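Structure, as structure tokens:
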Amino acid sequence: YNSEADKWEDASGDKSFDPKTYVFVTTEESFGLPIRCLVTKNKSTAENYTATSNVVTVVNKHTHNYSDNGFCTICGQYQPAVLNGDVYEISNAGMMFWFASLVNNDSSYADFKNQDVDAKAVLVKDIDLEGREWKPIMNFSGSFNGQGYSISKFKITSTTSSSGLFGSAYGTVANFTLNGEIELSADGDKVGGIVGYADGATIKNVASYVNISNT
């Protein structure tokens, strides 16, 4: 039900490989409007399924137009990092978020073929994360080489454990400076600016200027 337009919209193109993903056909006047989708068994029925969506914004199908910092100006999609051989080159915040999504297998705002916890990446510029909420990179077994660059305006507010730029690391993390803050909402463990939890990882030549607080 599209409460903004006060009418029912049919759902079509259900992607059976991902039961949480649906394609909704709507009208042009809905583009750009915030709506909440309620999934029901039949039109106007009181027999609802178990979940409703978050508020979403309807956008037209489009070619991504990335800002200088790597976010689509229409839908917020992350700009993919540049693959050079077998190493991803990261030059802006969108690419940094994309790399985290690749490792975490989170396709909400990132396009990639397969998850890759063994991915290799290098920074080729200083990165400004704009204070956007960061989801820690988990179970990282690849290599991340900052090449002496810095990452700034790093921010986490929504986690209590295994928290950091890398929530858990088993590979190599090296050669960069991190500035930002972590605000815990409850007592947490395995919290660090650059790495929250490391097991057999190589962490070298890094500097963390991350303020960690418990609100």
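By order in the structure tokens, chains are A, B, ...; within a chain, residues start at 1; ligands start at 1, following the order shown.
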Where in region 73-177 of chain A does DSSP assign alpha helix (DSSP H), given as an MDAnalysis selection string? chainID A and resid 93:104
Save the residues we just selected, N, CA and C atoms, as a PDB file, in the first residue's frame?
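Heads up, here's the output in selection_11.pdb:
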```pdb
ATOM      1  N   ALA A  93      35.165   8.019  -1.065  1.00  0.00           N
ATOM      2  CA  ALA A  93      34.388   7.378   0.000  1.00  0.00           C
ATOM      3  C   ALA A  93      33.438   6.315  -0.532  1.00  0.00           C
ATOM      4  N   GLY A  94      32.783   6.604  -1.661  1.00  0.00           N
ATOM      5  CA  GLY A  94      31.866   5.622  -2.226  1.00  0.00           C
ATOM      6  C   GLY A  94      32.561   4.302  -2.511  1.00  0.00           C
ATOM      7  N   MET A  95      33.781   4.376  -3.043  1.00  0.00           N
ATOM      8  CA  MET A  95      34.539   3.151  -3.316  1.00  0.00           C
ATOM      9  C   MET A  95      34.911   2.429  -2.023  1.00  0.00           C
ATOM     10  N   MET A  96      35.172   3.194  -0.958  1.00  0.00           N
ATOM     11  CA  MET A  96      35.489   2.581   0.327  1.00  0.00           C
ATOM     12  C   MET A  96      34.274   1.836   0.870  1.00  0.00           C
ATOM     13  N   PHE A  97      33.102   2.454   0.787  1.00  0.00           N
ATOM     14  CA  PHE A  97      31.868   1.794   1.203  1.00  0.00           C
ATOM     15  C   PHE A  97      31.577   0.577   0.313  1.00  0.00           C
ATOM     16  N   TRP A  98      31.877   0.712  -0.986  1.00  0.00           N
ATOM     17  CA  TRP A  98      31.661  -0.411  -1.906  1.00  0.00           C
ATOM     18  C   TRP A  98      32.547  -1.589  -1.516  1.00  0.00           C
ATOM     19  N   PHE A  99      33.809  -1.312  -1.187  1.00  0.00           N
ATOM     20  CA  PHE A  99      34.719  -2.390  -0.805  1.00  0.00           C
ATOM     21  C   PHE A  99      34.236  -3.102   0.457  1.00  0.00           C
ATOM     22  N   ALA A 100      33.760  -2.328   1.430  1.00  0.00           N
ATOM     23  CA  ALA A 100      33.207  -2.929   2.645  1.00  0.00           C
ATOM     24  C   ALA A 100      32.007  -3.814   2.310  1.00  0.00           C
ATOM     25  N   SER A 101      31.164  -3.353   1.391  1.00  0.00           N
ATOM     26  CA  SER A 101      29.989  -4.131   0.981  1.00  0.00           C
ATOM     27  C   SER A 101      30.394  -5.421   0.294  1.00  0.00           C
ATOM     28  N   LEU A 102      31.450  -5.356  -0.516  1.00  0.00           N
ATOM     29  CA  LEU A 102      31.948  -6.544  -1.203  1.00  0.00           C
ATOM     30  C   LEU A 102      32.374  -7.614  -0.200  1.00  0.00           C
ATOM     31  N   VAL A 103      33.117  -7.211   0.816  1.00  0.00           N
ATOM     32  CA  VAL A 103      33.594  -8.160   1.821  1.00  0.00           C
ATOM     33  C   VAL A 103      32.433  -8.661   2.682  1.00  0.00           C
ATOM     34  N   ASN A 104      31.506  -7.766   3.022  1.00  0.00           N
ATOM     35  CA  ASN A 104      30.383  -8.117   3.896  1.00  0.00           C
ATOM     36  C   ASN A 104      29.217  -8.773   3.170  1.00  0.00           C
TER      37      ASN A 104
END
```
Taking the DSSP secondary structure from the backbone, can you list the residues of region 82-199 of chain A that are strand (DSSP E or B), as a PyMOL selection string? chain A and resi 82-84+87-90+120-123+127-128+133+137+140+143-156+163+166-169+172-184+191+195-198
- Near Gln147 (chain A), within 12 Å and counting only C-alpha atoms, which residues show up once chain neighbours fewer than 2 positions away are dropped, as a list in words?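 Final neighbour list, sorted by chain and number: Glu89, Ile90, Ser91, Ala121, Val122, Leu123, Val124, Lys125, Asp126, Ser143, Phe144, Asn145, Tyr149, Ser150, Ile151, Val173, Ala174, Asn175, Phe176, Thr177, Lys204, Asn205 and Val206 of chain A.
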- Query: Got a sec: who's within 7 Å of Thr215 (chain A), counting only C-alpha atoms, leaving out chain neighbours fewer than 2 positions off, as a ChimeraX atom specification?
  - Reply: /A:183-185,213
Prev. selection, N, CA, C and O atoms, output as a compact mmCIF listing (two decimals), in the first residue's frame:
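The file below, again24.txt, is the result:
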```txt
# COMPACT_ATOMS: atom_id res chain seq x y z
N GLU A 183 30.63 5.76 18.71
CA GLU A 183 29.75 6.04 19.83
C GLU A 183 28.94 4.79 20.13
O GLU A 183 28.02 4.45 19.40
N LEU A 184 29.30 4.08 21.20
CA LEU A 184 28.58 2.87 21.56
C LEU A 184 27.29 3.22 22.29
O LEU A 184 27.26 4.14 23.11
N SER A 185 26.23 2.47 22.03
CA SER A 185 24.95 2.70 22.69
C SER A 185 24.78 1.81 23.91
O SER A 185 23.81 1.93 24.65
N SER A 213 33.47 6.36 22.62
CA SER A 213 32.69 6.76 23.78
C SER A 213 31.48 5.86 23.93
O SER A 213 31.05 5.20 22.99
```
**Study point:** Distance criterion (only C-alpha atoms): nearest to Tyr197 (chain A) out of A:Trp134, A:Tyr170, A:Tyr66, A:Tyr209
**Key:**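 Comparing A:Trp134, A:Tyr170, A:Tyr66, A:Tyr209 against Tyr197 (chain A), the winner is A:Tyr170.
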